file entry-v1.pdb (PDB, C-alpha atoms and all ligand atoms)
ATOM      1  CA  MET A  18     279.651  -2.225 116.581  1.00  0.00           C
ATOM      2  CA  GLN A  19     281.665  -2.686 113.376  1.00  0.00           C
ATOM      3  CA  THR A  20     283.601   0.116 111.702  1.00  0.00           C
ATOM      4  CA  LEU A  21     283.530   1.280 108.105  1.00  0.00           C
ATOM      5  CA  LEU A  22     286.693   3.347 107.770  1.00  0.00           C
ATOM      6  CA  LEU A  23     286.154   6.210 105.314  1.00  0.00           C
ATOM      7  CA  THR A  24     289.057   8.480 104.459  1.00  0.00           C
ATOM      8  CA  GLY A  25     289.435  11.782 102.605  1.00  0.00           C
ATOM      9  CA  PHE A  26     292.525  13.821 101.767  1.00  0.00           C
ATOM     10  CA  GLU A  27     293.897  17.126 102.943  1.00  0.00           C
ATOM     11  CA  PRO A  28     294.046  19.900 100.283  1.00  0.00           C
ATOM     12  CA  PHE A  29     296.838  19.811  97.689  1.00  0.00           C
ATOM     13  CA  ASP A  30     298.035  21.727  94.632  1.00  0.00           C
ATOM     14  CA  GLN A  31     297.297  25.142  96.185  1.00  0.00           C
ATOM     15  CA  ASP A  32     293.604  24.408  96.709  1.00  0.00           C
ATOM     16  CA  PRO A  33     292.381  25.672 100.094  1.00  0.00           C
ATOM     17  CA  ILE A  34     289.984  22.736 100.498  1.00  0.00           C
ATOM     18  CA  ASN A  35     289.687  19.159  99.348  1.00  0.00           C
ATOM     19  CA  PRO A  36     286.072  18.056  98.749  1.00  0.00           C
ATOM     20  CA  SER A  37     286.891  14.454  99.649  1.00  0.00           C
ATOM     21  CA  TRP A  38     287.539  15.472 103.252  1.00  0.00           C
ATOM     22  CA  GLU A  39     284.669  17.992 103.308  1.00  0.00           C
ATOM     23  CA  VAL A  40     282.296  15.203 102.259  1.00  0.00           C
ATOM     24  CA  VAL A  41     283.546  12.327 104.405  1.00  0.00           C
ATOM     25  CA  ARG A  42     283.847  14.374 107.587  1.00  0.00           C
ATOM     26  CA  LEU A  43     280.088  14.966 107.390  1.00  0.00           C
ATOM     27  CA  LEU A  44     279.616  11.195 107.461  1.00  0.00           C
ATOM     28  CA  ASP A  45     281.786  10.636 110.555  1.00  0.00           C
ATOM     29  CA  GLY A  46     279.699   8.757 113.126  1.00  0.00           C
ATOM     30  CA  TRP A  47     276.921   7.900 110.661  1.00  0.00           C
ATOM     31  CA  GLN A  48     275.408   4.530 111.540  1.00  0.00           C
ATOM     32  CA  LEU A  49     274.548   2.913 108.247  1.00  0.00           C
ATOM     33  CA  GLY A  50     273.102  -0.195 109.850  1.00  0.00           C
ATOM     34  CA  ALA A  51     272.247  -1.569 113.263  1.00  0.00           C
ATOM     35  CA  ASP A  52     275.796  -2.729 113.823  1.00  0.00           C
ATOM     36  CA  VAL A  53     278.036  -0.606 111.622  1.00  0.00           C
ATOM     37  CA  GLN A  54     279.260   2.940 111.930  1.00  0.00           C
ATOM     38  CA  VAL A  55     281.398   5.198 109.745  1.00  0.00           C
ATOM     39  CA  VAL A  56     284.672   6.474 111.155  1.00  0.00           C
ATOM     40  CA  ALA A  57     286.008   9.278 108.920  1.00  0.00           C
ATOM     41  CA  ARG A  58     289.675  10.254 108.934  1.00  0.00           C
ATOM     42  CA  ARG A  59     291.856  12.616 106.907  1.00  0.00           C
ATOM     43  CA  LEU A  60     295.022  11.486 105.129  1.00  0.00           C
ATOM     44  CA  PRO A  61     298.012  13.672 104.261  1.00  0.00           C
ATOM     45  CA  CYS A  62     298.574  14.247 100.546  1.00  0.00           C
ATOM     46  CA  ALA A  63     302.146  12.981 100.555  1.00  0.00           C
ATOM     47  CA  PHE A  64     303.670   9.824  99.092  1.00  0.00           C
ATOM     48  CA  ALA A  65     305.868   9.286 102.156  1.00  0.00           C
ATOM     49  CA  THR A  66     303.123   9.419 104.768  1.00  0.00           C
ATOM     50  CA  ALA A  67     299.637   8.784 103.301  1.00  0.00           C
ATOM     51  CA  GLY A  68     299.850   5.000 103.026  1.00  0.00           C
ATOM     52  CA  GLU A  69     301.546   4.661 106.406  1.00  0.00           C
ATOM     53  CA  CYS A  70     298.819   6.767 107.998  1.00  0.00           C
ATOM     54  CA  LEU A  71     296.085   4.614 106.423  1.00  0.00           C
ATOM     55  CA  ILE A  72     297.725   1.352 107.525  1.00  0.00           C
ATOM     56  CA  GLN A  73     298.043   2.698 111.093  1.00  0.00           C
ATOM     57  CA  LEU A  74     294.331   3.565 111.066  1.00  0.00           C
ATOM     58  CA  ILE A  75     293.499   0.043 109.900  1.00  0.00           C
ATOM     59  CA  ASP A  76     295.647  -1.466 112.678  1.00  0.00           C
ATOM     60  CA  GLN A  77     294.078   0.784 115.262  1.00  0.00           C
ATOM     61  CA  LEU A  78     290.408   0.628 114.190  1.00  0.00           C
ATOM     62  CA  GLN A  79     290.243  -2.930 112.776  1.00  0.00           C
ATOM     63  CA  PRO A  80     287.551  -1.881 110.279  1.00  0.00           C
ATOM     64  CA  ALA A  81     285.173  -4.322 108.591  1.00  0.00           C
ATOM     65  CA  MET A  82     285.370  -2.310 105.341  1.00  0.00           C
ATOM     66  CA  VAL A  83     287.669   0.472 104.110  1.00  0.00           C
ATOM     67  CA  ILE A  84     286.757   3.088 101.515  1.00  0.00           C
ATOM     68  CA  ALA A  85     289.291   5.779 100.668  1.00  0.00           C
ATOM     69  CA  THR A  86     288.241   8.861  98.723  1.00  0.00           C
ATOM     70  CA  GLY A  87     290.029  11.709  97.001  1.00  0.00           C
ATOM     71  CA  LEU A  88     289.404  14.605  94.657  1.00  0.00           C
ATOM     72  CA  GLY A  89     289.450  13.700  90.994  1.00  0.00           C
ATOM     73  CA  PRO A  90     290.007  17.094  89.359  1.00  0.00           C
ATOM     74  CA  GLY A  91     287.667  17.451  86.378  1.00  0.00           C
ATOM     75  CA  ARG A  92     285.463  14.451  87.218  1.00  0.00           C
ATOM     76  CA  SER A  93     281.778  15.100  86.671  1.00  0.00           C
ATOM     77  CA  ALA A  94     280.563  11.980  88.492  1.00  0.00           C
ATOM     78  CA  ILE A  95     281.242  10.092  91.693  1.00  0.00           C
ATOM     79  CA  SER A  96     283.787   7.634  90.346  1.00  0.00           C
ATOM     80  CA  MET A  97     284.130   4.128  91.755  1.00  0.00           C
ATOM     81  CA  GLU A  98     287.695   3.104  90.965  1.00  0.00           C
ATOM     82  CA  ARG A  99     288.210  -0.392  89.629  1.00  0.00           C
ATOM     83  CA  VAL A 100     291.973  -0.745  89.595  1.00  0.00           C
ATOM     84  CA  ALA A 101     295.066   0.520  91.422  1.00  0.00           C
ATOM     85  CA  ILE A 102     298.373   0.289  89.545  1.00  0.00           C
ATOM     86  CA  ASN A 103     301.905  -0.191  90.866  1.00  0.00           C
ATOM     87  CA  LEU A 104     303.122   3.172  89.589  1.00  0.00           C
ATOM     88  CA  ASN A 105     303.891   6.579  91.032  1.00  0.00           C
ATOM     89  CA  ASP A 106     304.342   9.186  88.294  1.00  0.00           C
ATOM     90  CA  ALA A 107     303.578  12.605  89.766  1.00  0.00           C
ATOM     91  CA  ARG A 108     302.715  15.568  87.527  1.00  0.00           C
ATOM     92  CA  ILE A 109     303.099  17.927  90.491  1.00  0.00           C
ATOM     93  CA  PRO A 110     304.987  17.718  93.795  1.00  0.00           C
ATOM     94  CA  ASP A 111     303.027  16.364  96.762  1.00  0.00           C
ATOM     95  CA  ASN A 112     302.561  18.353  99.979  1.00  0.00           C
ATOM     96  CA  LEU A 113     306.075  17.414 101.147  1.00  0.00           C
ATOM     97  CA  GLY A 114     307.625  18.474  97.845  1.00  0.00           C
ATOM     98  CA  GLU A 115     308.191  14.927  96.628  1.00  0.00           C
ATOM     99  CA  GLN A 116     307.586  14.157  92.946  1.00  0.00           C
ATOM    100  CA  PRO A 117     308.315  10.513  92.108  1.00  0.00           C
ATOM    101  CA  ILE A 118     308.522   9.691  88.421  1.00  0.00           C
ATOM    102  CA  ASP A 119     308.117   6.194  86.980  1.00  0.00           C
ATOM    103  CA  ALA A 120     308.581   4.591  90.417  1.00  0.00           C
ATOM    104  CA  ALA A 121     306.918   1.452  91.787  1.00  0.00           C
ATOM    105  CA  VAL A 122     304.516   1.840  94.713  1.00  0.00           C
ATOM    106  CA  VAL A 123     305.739  -1.515  96.032  1.00  0.00           C
ATOM    107  CA  ALA A 124     308.988  -2.907  94.580  1.00  0.00           C
ATOM    108  CA  ASP A 125     308.224  -6.339  93.098  1.00  0.00           C
ATOM    109  CA  GLY A 126     304.505  -5.939  93.907  1.00  0.00           C
ATOM    110  CA  PRO A 127     301.913  -7.061  91.361  1.00  0.00           C
ATOM    111  CA  ALA A 128     301.272  -4.653  88.466  1.00  0.00           C
ATOM    112  CA  ALA A 129     297.791  -3.916  89.766  1.00  0.00           C
ATOM    113  CA  TYR A 130     295.083  -4.729  92.265  1.00  0.00           C
ATOM    114  CA  PHE A 131     291.347  -4.674  91.610  1.00  0.00           C
ATOM    115  CA  THR A 132     288.900  -3.141  94.042  1.00  0.00           C
ATOM    116  CA  THR A 133     287.105  -5.622  96.280  1.00  0.00           C
ATOM    117  CA  LEU A 134     284.042  -3.381  96.523  1.00  0.00           C
ATOM    118  CA  PRO A 135     280.881  -4.157  94.508  1.00  0.00           C
ATOM    119  CA  ILE A 136     281.400  -1.092  92.315  1.00  0.00           C
ATOM    120  CA  LYS A 137     278.704  -1.859  89.734  1.00  0.00           C
ATOM    121  CA  ALA A 138     276.079  -2.161  92.455  1.00  0.00           C
ATOM    122  CA  MET A 139     277.370   1.077  93.976  1.00  0.00           C
ATOM    123  CA  VAL A 140     277.176   2.946  90.663  1.00  0.00           C
ATOM    124  CA  LYS A 141     273.690   1.564  90.006  1.00  0.00           C
ATOM    125  CA  ALA A 142     272.410   2.610  93.429  1.00  0.00           C
ATOM    126  CA  VAL A 143     273.857   6.120  93.185  1.00  0.00           C
ATOM    127  CA  ARG A 144     272.391   6.580  89.688  1.00  0.00           C
ATOM    128  CA  GLU A 145     269.011   5.395  90.954  1.00  0.00           C
ATOM    129  CA  ALA A 146     269.231   8.250  93.466  1.00  0.00           C
ATOM    130  CA  GLU A 147     269.655  10.522  90.405  1.00  0.00           C
ATOM    131  CA  ILE A 148     273.244  11.392  91.230  1.00  0.00           C
ATOM    132  CA  ALA A 149     275.963  11.080  88.574  1.00  0.00           C
ATOM    133  CA  ALA A 150     278.146   8.023  89.143  1.00  0.00           C
ATOM    134  CA  THR A 151     280.474   5.920  87.039  1.00  0.00           C
ATOM    135  CA  VAL A 152     282.962   3.061  87.084  1.00  0.00           C
ATOM    136  CA  SER A 153     286.446   4.494  86.518  1.00  0.00           C
ATOM    137  CA  HIS A 154     289.373   2.505  85.157  1.00  0.00           C
ATOM    138  CA  THR A 155     292.127   4.806  86.316  1.00  0.00           C
ATOM    139  CA  ALA A 156     292.759   6.355  89.703  1.00  0.00           C
ATOM    140  CA  GLY A 157     295.686   8.268  88.146  1.00  0.00           C
ATOM    141  CA  THR A 158     299.343   7.943  89.129  1.00  0.00           C
ATOM    142  CA  PHE A 159     299.474  10.390  92.053  1.00  0.00           C
ATOM    143  CA  VAL A 160     298.886   9.968  95.803  1.00  0.00           C
ATOM    144  CA  CYS A 161     295.320   8.627  95.447  1.00  0.00           C
ATOM    145  CA  ASN A 162     296.401   5.711  93.266  1.00  0.00           C
ATOM    146  CA  GLN A 163     299.314   5.047  95.620  1.00  0.00           C
ATOM    147  CA  VAL A 164     297.043   4.935  98.676  1.00  0.00           C
ATOM    148  CA  PHE A 165     294.532   2.743  96.817  1.00  0.00           C
ATOM    149  CA  TYR A 166     297.345   0.344  95.805  1.00  0.00           C
ATOM    150  CA  LEU A 167     298.778   0.190  99.352  1.00  0.00           C
ATOM    151  CA  LEU A 168     295.283  -0.375 100.748  1.00  0.00           C
ATOM    152  CA  GLN A 169     294.583  -3.303  98.428  1.00  0.00           C
ATOM    153  CA  HIS A 170     298.113  -4.654  99.020  1.00  0.00           C
ATOM    154  CA  ALA A 171     297.649  -4.534 102.806  1.00  0.00           C
ATOM    155  CA  LEU A 172     294.253  -6.249 102.701  1.00  0.00           C
ATOM    156  CA  ALA A 173     294.937  -8.659  99.832  1.00  0.00           C
ATOM    157  CA  ALA A 174     294.887 -11.715 102.086  1.00  0.00           C
ATOM    158  CA  SER A 175     292.067 -10.531 104.337  1.00  0.00           C
ATOM    159  CA  ALA A 176     288.286 -10.754 104.136  1.00  0.00           C
ATOM    160  CA  VAL A 177     287.988  -6.993 104.663  1.00  0.00           C
ATOM    161  CA  ARG A 178     286.729  -5.406 101.444  1.00  0.00           C
ATOM    162  CA  SER A 179     288.207  -2.131 100.315  1.00  0.00           C
ATOM    163  CA  GLY A 180     288.424   0.340  97.483  1.00  0.00           C
ATOM    164  CA  PHE A 181     288.621   3.922  96.331  1.00  0.00           C
ATOM    165  CA  ILE A 182     286.184   6.609  95.182  1.00  0.00           C
ATOM    166  CA  HIS A 183     287.122   9.837  93.383  1.00  0.00           C
ATOM    167  CA  VAL A 184     284.763  12.775  93.882  1.00  0.00           C
ATOM    168  CA  PRO A 185     284.326  15.934  91.755  1.00  0.00           C
ATOM    169  CA  TYR A 186     285.258  19.492  92.670  1.00  0.00           C
ATOM    170  CA  LEU A 187     282.788  21.548  94.678  1.00  0.00           C
ATOM    171  CA  PRO A 188     281.129  24.302  92.573  1.00  0.00           C
ATOM    172  CA  GLU A 189     282.867  27.095  94.500  1.00  0.00           C
ATOM    173  CA  GLN A 190     286.293  25.676  93.584  1.00  0.00           C
ATOM    174  CA  VAL A 191     285.798  26.038  89.856  1.00  0.00           C
ATOM    175  CA  LEU A 192     283.734  29.212  89.604  1.00  0.00           C
ATOM    176  CA  ALA A 193     283.616  30.452  86.035  1.00  0.00           C
ATOM    177  CA  SER A 194     286.213  27.984  84.752  1.00  0.00           C
ATOM    178  CA  GLY A 195     283.641  25.612  83.293  1.00  0.00           C
ATOM    179  CA  THR A 196     285.271  22.629  85.018  1.00  0.00           C
ATOM    180  CA  ALA A 197     282.835  19.955  86.181  1.00  0.00           C
ATOM    181  CA  SER A 198     281.702  20.009  89.805  1.00  0.00           C
ATOM    182  CA  MET A 199     279.033  18.654  92.144  1.00  0.00           C
ATOM    183  CA  ALA A 200     277.353  20.287  95.147  1.00  0.00           C
ATOM    184  CA  LEU A 201     278.503  19.227  98.603  1.00  0.00           C
ATOM    185  CA  GLU A 202     275.048  17.928  99.653  1.00  0.00           C
ATOM    186  CA  THR A 203     274.811  15.885  96.445  1.00  0.00           C
ATOM    187  CA  GLN A 204     278.245  14.367  97.050  1.00  0.00           C
ATOM    188  CA  VAL A 205     277.339  13.525 100.647  1.00  0.00           C
ATOM    189  CA  GLU A 206     274.078  11.881  99.557  1.00  0.00           C
ATOM    190  CA  GLY A 207     275.892  10.030  96.757  1.00  0.00           C
ATOM    191  CA  LEU A 208     278.443   8.648  99.202  1.00  0.00           C
ATOM    192  CA  ARG A 209     275.727   7.605 101.641  1.00  0.00           C
ATOM    193  CA  VAL A 210     274.010   5.610  98.912  1.00  0.00           C
ATOM    194  CA  ALA A 211     277.328   4.166  97.686  1.00  0.00           C
ATOM    195  CA  LEU A 212     278.331   3.062 101.189  1.00  0.00           C
ATOM    196  CA  LEU A 213     274.964   1.417 101.822  1.00  0.00           C
ATOM    197  CA  ALA A 214     275.239  -0.483  98.542  1.00  0.00           C
ATOM    198  CA  ALA A 215     278.830  -1.497  99.319  1.00  0.00           C
ATOM    199  CA  TRP A 216     277.946  -2.741 102.781  1.00  0.00           C
ATOM    200  CA  HIS A 217     274.812  -4.647 101.746  1.00  0.00           C
ATOM    201  CA  THR A 218     276.012  -6.199  98.465  1.00  0.00           C
ATOM    202  CA  SER A 219     278.132  -9.305  98.806  1.00  0.00           C
ATOM    203  CA  VAL A 220     278.124 -10.311  95.137  1.00  0.00           C
ATOM    204  CA  ASP A 221     278.391  -7.494  92.614  1.00  0.00           C
ATOM    205  CA  VAL A 222     275.709  -7.082  89.938  1.00  0.00           C
ATOM    206  CA  THR A 223     276.633  -8.003  86.370  1.00  0.00           C
ATOM    207  CA  GLU A 224     276.128  -5.048  84.095  1.00  0.00           C
ATOM    208  CA  THR A 225     278.535  -3.140  81.971  1.00  0.00           C
ATOM    209  CA  GLY A 226     280.707  -0.406  83.339  1.00  0.00           C
ATOM    210  CA  GLY A 227     283.059  -0.756  80.405  1.00  0.00           C
ATOM    211  CA  GLN A 228     284.367   1.711  77.885  1.00  0.00           C
ATOM    212  CA  VAL A 229     285.400   1.258  74.263  1.00  0.00           C
ATOM    213  CA  SER A 230     288.460   3.435  74.677  1.00  0.00           C
TER     214      SER A 230
HETATM  215  N1  LIG B 301     293.419  13.690  94.912  1.00  0.00           N
HETATM  216  C1  LIG B 301     294.754  13.388  94.453  1.00  0.00           C
HETATM  217  C2  LIG B 301     295.566  13.210  95.702  1.00  0.00           C
HETATM  218  C3  LIG B 301     294.738  13.706  96.813  1.00  0.00           C
HETATM  219  C4  LIG B 301     293.402  13.913  96.253  1.00  0.00           C
HETATM  220  O1  LIG B 301     292.396  14.242  96.883  1.00  0.00           O
HETATM  221  C5  LIG B 301     294.803  12.213  93.491  1.00  0.00           C
HETATM  222  O2  LIG B 301     293.813  11.954  92.779  1.00  0.00           O
HETATM  223  O3  LIG B 301     295.822  11.538  93.422  1.00  0.00           O
END
call {"tool": "encode", "arguments": {"input": "entry-v1.pdb", "output": "structure tokens", "more": "lines below"}}
Ligand code: PCA
result
Amino acid sequence: MQTLLLTGFEPFDQDPINPSWEVVRLLDGWQLGADVQVVARRLPCAFATAGECLIQLIDQLQPAMVIATGLGPGRSAISMERVAINLNDARIPDNLGEQPIDAAVVADGPAAYFTTLPIKAMVKAVREAEIAATVSHTAGTFVCNQVFYLLQHALAASAVRSGFIHVPYLPEQVLASGTASMALETQVEGLRVALLAAWHTSVDVTETGGQVS
């Protein structure tokens, strides 16, 4: 049995829950094919420990694919991230009180890494299931981007494909504020479809996911 490692984050910024963990924990143990099973794990929302925790999980589980997820506050769609940048620039302190500003994720590392997931195929499949999905060109400059960068850095020379997905708030988190959200069941279904597409697509489809600005 092969492993698809799927991670979510613990809550941060005074939120009592983080939808990324609420969603992925429901997929723990899901067998998405005859020979592949999801293992879901939670990462700390801290610059000092999140990447280390993810790398330990990769060493321990030897996954065939790794997909990290996090909350993208204000996102209205399941967002397949295209690029991780070598920059930590935190607007708020992380859960250990650390707030790096204009710091490299990896000193002397490349400016950026692209996802190695077939994100266009994933977006297409999720949209076909009538769930909002999009290609995103920024994973921000907080812990999610850092984890995404460290993930791509760690697997850069390997055949294991990896990437990052940002998910919206749950409706109950943004009651009456008008901020975009998506129901838990919809997010779970969207991730199921995205994971199936990721696992079964070896060459990404060619269709635009671009933006003018
Ligand atoms: N979202 C934050 C960090 C943890 C999470 O779920 C981010 O986008 O960086």
call {"tool": "resolve_selection", "arguments": {"input": "entry-v1.pdb", "expression": "the PyMOL selection byres (((chain A and resi 82-93) around 6) and not hetatm)", "output": "CSV table (one decimal) with C-alpha atoms, in the frame of the given file"}}
result
chain,number,residue,atom,x,y,z
A,21,LEU,CA,283.5,1.3,108.1
A,22,LEU,CA,286.7,3.3,107.8
A,23,LEU,CA,286.2,6.2,105.3
A,24,THR,CA,289.1,8.5,104.5
A,25,GLY,CA,289.4,11.8,102.6
A,26,PHE,CA,292.5,13.8,101.8
A,37,SER,CA,286.9,14.5,99.6
A,80,PRO,CA,287.6,-1.9,110.3
A,81,ALA,CA,285.2,-4.3,108.6
A,94,ALA,CA,280.6,12.0,88.5
A,177,VAL,CA,288.0,-7.0,104.7
A,178,ARG,CA,286.7,-5.4,101.4
A,179,SER,CA,288.2,-2.1,100.3
A,180,GLY,CA,288.4,0.3,97.5
A,181,PHE,CA,288.6,3.9,96.3
A,182,ILE,CA,286.2,6.6,95.2
A,183,HIS,CA,287.1,9.8,93.4
A,184,VAL,CA,284.8,12.8,93.9
A,185,PRO,CA,284.3,15.9,91.8
A,196,THR,CA,285.3,22.6,85.0
A,197,ALA,CA,282.8,20.0,86.2
A,198,SER,CA,281.7,20.0,89.8
call {"tool": "resolve_selection", "arguments": {"input": "entry-v1.pdb", "expression": "the PyMOL selection byres (((not hetatm)) within 10 of (chain B and resi 301))", "output": "JSON, numbers by chain"}}
result
{"A": [25, 26, 27, 28, 29, 30, 34, 35, 36, 37, 38, 60, 61, 62, 63, 64, 67, 85, 86, 87, 88, 89, 90, 105, 107, 108, 111, 112, 155, 156, 157, 158, 159, 160, 161, 162, 163, 164, 165, 182, 183, 184, 185, 186]}
call {"tool": "write_last_selection", "arguments": {"input": "entry-v1.pdb", "atoms": "C-alpha atoms", "output": "mmCIF file, in the frame of the given file"}}
result
data_model
loop_
_atom_site.group_PDB
_atom_site.id
_atom_site.type_symbol
_atom_site.label_atom_id
_atom_site.label_comp_id
_atom_site.auth_asym_id
_atom_site.auth_seq_id
_atom_site.Cartn_x
_atom_site.Cartn_y
_atom_site.Cartn_z
ATOM 1 C CA GLY A 25 289.435 11.782 102.605
ATOM 2 C CA PHE A 26 292.525 13.821 101.767
ATOM 3 C CA GLU A 27 293.897 17.126 102.943
ATOM 4 C CA PRO A 28 294.046 19.900 100.283
ATOM 5 C CA PHE A 29 296.838 19.811 97.689
ATOM 6 C CA ASP A 30 298.035 21.727 94.632
ATOM 7 C CA ILE A 34 289.984 22.736 100.498
ATOM 8 C CA ASN A 35 289.687 19.159 99.348
ATOM 9 C CA PRO A 36 286.072 18.056 98.749
ATOM 10 C CA SER A 37 286.891 14.454 99.649
ATOM 11 C CA TRP A 38 287.539 15.472 103.252
ATOM 12 C CA LEU A 60 295.022 11.486 105.129
ATOM 13 C CA PRO A 61 298.012 13.672 104.261
ATOM 14 C CA CYS A 62 298.574 14.247 100.546
ATOM 15 C CA ALA A 63 302.146 12.981 100.555
ATOM 16 C CA PHE A 64 303.670 9.824 99.092
ATOM 17 C CA ALA A 67 299.637 8.784 103.301
ATOM 18 C CA ALA A 85 289.291 5.779 100.668
ATOM 19 C CA THR A 86 288.241 8.861 98.723
ATOM 20 C CA GLY A 87 290.029 11.709 97.001
ATOM 21 C CA LEU A 88 289.404 14.605 94.657
ATOM 22 C CA GLY A 89 289.450 13.700 90.994
ATOM 23 C CA PRO A 90 290.007 17.094 89.359
ATOM 24 C CA ASN A 105 303.891 6.579 91.032
ATOM 25 C CA ALA A 107 303.578 12.605 89.766
ATOM 26 C CA ARG A 108 302.715 15.568 87.527
ATOM 27 C CA ASP A 111 303.027 16.364 96.762
ATOM 28 C CA ASN A 112 302.561 18.353 99.979
ATOM 29 C CA THR A 155 292.127 4.806 86.316
ATOM 30 C CA ALA A 156 292.759 6.355 89.703
ATOM 31 C CA GLY A 157 295.686 8.268 88.146
ATOM 32 C CA THR A 158 299.343 7.943 89.129
ATOM 33 C CA PHE A 159 299.474 10.390 92.053
ATOM 34 C CA VAL A 160 298.886 9.968 95.803
ATOM 35 C CA CYS A 161 295.320 8.627 95.447
ATOM 36 C CA ASN A 162 296.401 5.711 93.266
ATOM 37 C CA GLN A 163 299.314 5.047 95.620
ATOM 38 C CA VAL A 164 297.043 4.935 98.676
ATOM 39 C CA PHE A 165 294.532 2.743 96.817
ATOM 40 C CA ILE A 182 286.184 6.609 95.182
ATOM 41 C CA HIS A 183 287.122 9.837 93.383
ATOM 42 C CA VAL A 184 284.763 12.775 93.882
ATOM 43 C CA PRO A 185 284.326 15.934 91.755
ATOM 44 C CA TYR A 186 285.258 19.492 92.670
#
call {"tool": "resolve_selection", "arguments": {"input": "entry-v1.pdb", "expression": "the PyMOL selection byres (((chain A and resi 214) around 10) and not hetatm)", "output": "compact mmCIF listing (two decimals) with C-alpha atoms, in the coordinates of the input"}}
result
# COMPACT_ATOMS: atom_id res chain seq x y z
CA LEU A 134 284.04 -3.38 96.52
CA PRO A 135 280.88 -4.16 94.51
CA ILE A 136 281.40 -1.09 92.32
CA LYS A 137 278.70 -1.86 89.73
CA ALA A 138 276.08 -2.16 92.46
CA MET A 139 277.37 1.08 93.98
CA VAL A 140 277.18 2.95 90.66
CA LYS A 141 273.69 1.56 90.01
CA ALA A 142 272.41 2.61 93.43
CA VAL A 143 273.86 6.12 93.18
CA LEU A 208 278.44 8.65 99.20
CA ARG A 209 275.73 7.60 101.64
CA VAL A 210 274.01 5.61 98.91
CA ALA A 211 277.33 4.17 97.69
CA LEU A 212 278.33 3.06 101.19
CA LEU A 213 274.96 1.42 101.82
CA ALA A 215 278.83 -1.50 99.32
CA TRP A 216 277.95 -2.74 102.78
CA HIS A 217 274.81 -4.65 101.75
CA THR A 218 276.01 -6.20 98.46
CA SER A 219 278.13 -9.30 98.81
CA ASP A 221 278.39 -7.49 92.61
call {"tool": "atom_distance", "arguments": {"input": "entry-v1.pdb", "atom1": "CA of Ala101 in chain A", "atom2": "CA of Glu115 in chain A"}}
result
20.2 Å
call {"tool": "closest_residue", "arguments": {"input": "entry-v1.pdb", "among": "A:Glu147, A:His170, A:Gly50, A:Val152", "to": "Asp125 in chain A", "atoms": "only C-alpha atoms"}}
result
A:His170
call {"tool": "closest_residue", "arguments": {"input": "entry-v1.pdb", "among": "A:Leu187, A:Ala149, A:Met199, A:Ala171", "to": "Val123 in chain A", "atoms": "all atoms listed in the file"}}
result
A:Ala171
call {"tool": "closest_residue", "arguments": {"input": "entry-v1.pdb", "among": "A:Gly207, A:Leu104, A:Leu168, A:Gln190", "to": "Gln31 in chain A", "atoms": "only C-alpha atoms"}}
result
A:Gln190
call {"tool": "atom_distance", "arguments": {"input": "entry-v1.pdb", "atom1": "CA of Thr20 in chain A", "atom2": "CA of Leu44 in chain A"}}
result
12.5 Å
call {"tool": "atom_distance", "arguments": {"input": "entry-v1.pdb", "atom1": "CA of Leu74 in chain A", "atom2": "CA of Leu201 in chain A"}}
result
25.5 Å
call {"tool": "residues_around", "arguments": {"input": "entry-v1.pdb", "residues": "Met18 in chain A", "least_positions_apart": "2", "cutoff": "7 Å", "atoms": "all atoms listed in the file", "output": "list of chain:residue names"}}
result
A:Thr20, A:Asp52, A:Val53, A:Gln54
call {"tool": "axis_aligned_box", "arguments": {"input": "entry-v1.pdb", "around": "range 176-180 of chain A", "padding_each_side": "8 Å", "output": "AutoDock Vina command-line options"}}
result
--center_x 287.6 --center_y -5.2 --center_z 101.1 --size_x 17.7 --size_y 27.1 --size_z 23.2
call {"tool": "closest_residue", "arguments": {"input": "entry-v1.pdb", "among": "A:Val55, A:Glu202, A:Pro117, A:Ser175", "to": "Pro188 in chain A", "atoms": "all atoms listed in the file"}}
result
A:Glu202
call {"tool": "closest_residue", "arguments": {"input": "entry-v1.pdb", "among": "A:Thr133, A:Arg144, A:Ser194, A:Ala200", "to": "Ala176 in chain A", "atoms": "all atoms listed in the file"}}
result
A:Thr133
call {"tool": "build_atoms", "arguments": {"input": "entry-v1.pdb", "residues": "range 63-68 of chain A", "atoms": "N, CA, C and O atoms", "output": "CSV table (one decimal), in the coordinates of the input"}}
result
chain,number,residue,atom,x,y,z
A,63,ALA,N,300.7,13.1,100.7
A,63,ALA,CA,302.1,13.0,100.6
A,63,ALA,C,302.5,11.5,100.4
A,63,ALA,O,302.0,10.7,101.1
A,64,PHE,N,303.3,11.2,99.4
A,64,PHE,CA,303.7,9.8,99.1
A,64,PHE,C,304.3,9.1,100.3
A,64,PHE,O,304.0,8.0,100.6
A,65,ALA,N,305.1,9.9,101.1
A,65,ALA,CA,305.9,9.3,102.2
A,65,ALA,C,305.0,8.9,103.3
A,65,ALA,O,305.3,8.0,104.1
A,66,THR,N,303.9,9.6,103.5
A,66,THR,CA,303.1,9.4,104.8
A,66,THR,C,301.7,8.9,104.6
A,66,THR,O,301.1,8.4,105.6
A,67,ALA,N,301.1,9.1,103.4
A,67,ALA,CA,299.6,8.8,103.3
A,67,ALA,C,299.3,7.3,103.5
A,67,ALA,O,298.4,7.0,104.3
A,68,GLY,N,300.1,6.4,102.9
A,68,GLY,CA,299.8,5.0,103.0
A,68,GLY,C,300.1,4.5,104.4
A,68,GLY,O,299.3,3.8,105.0
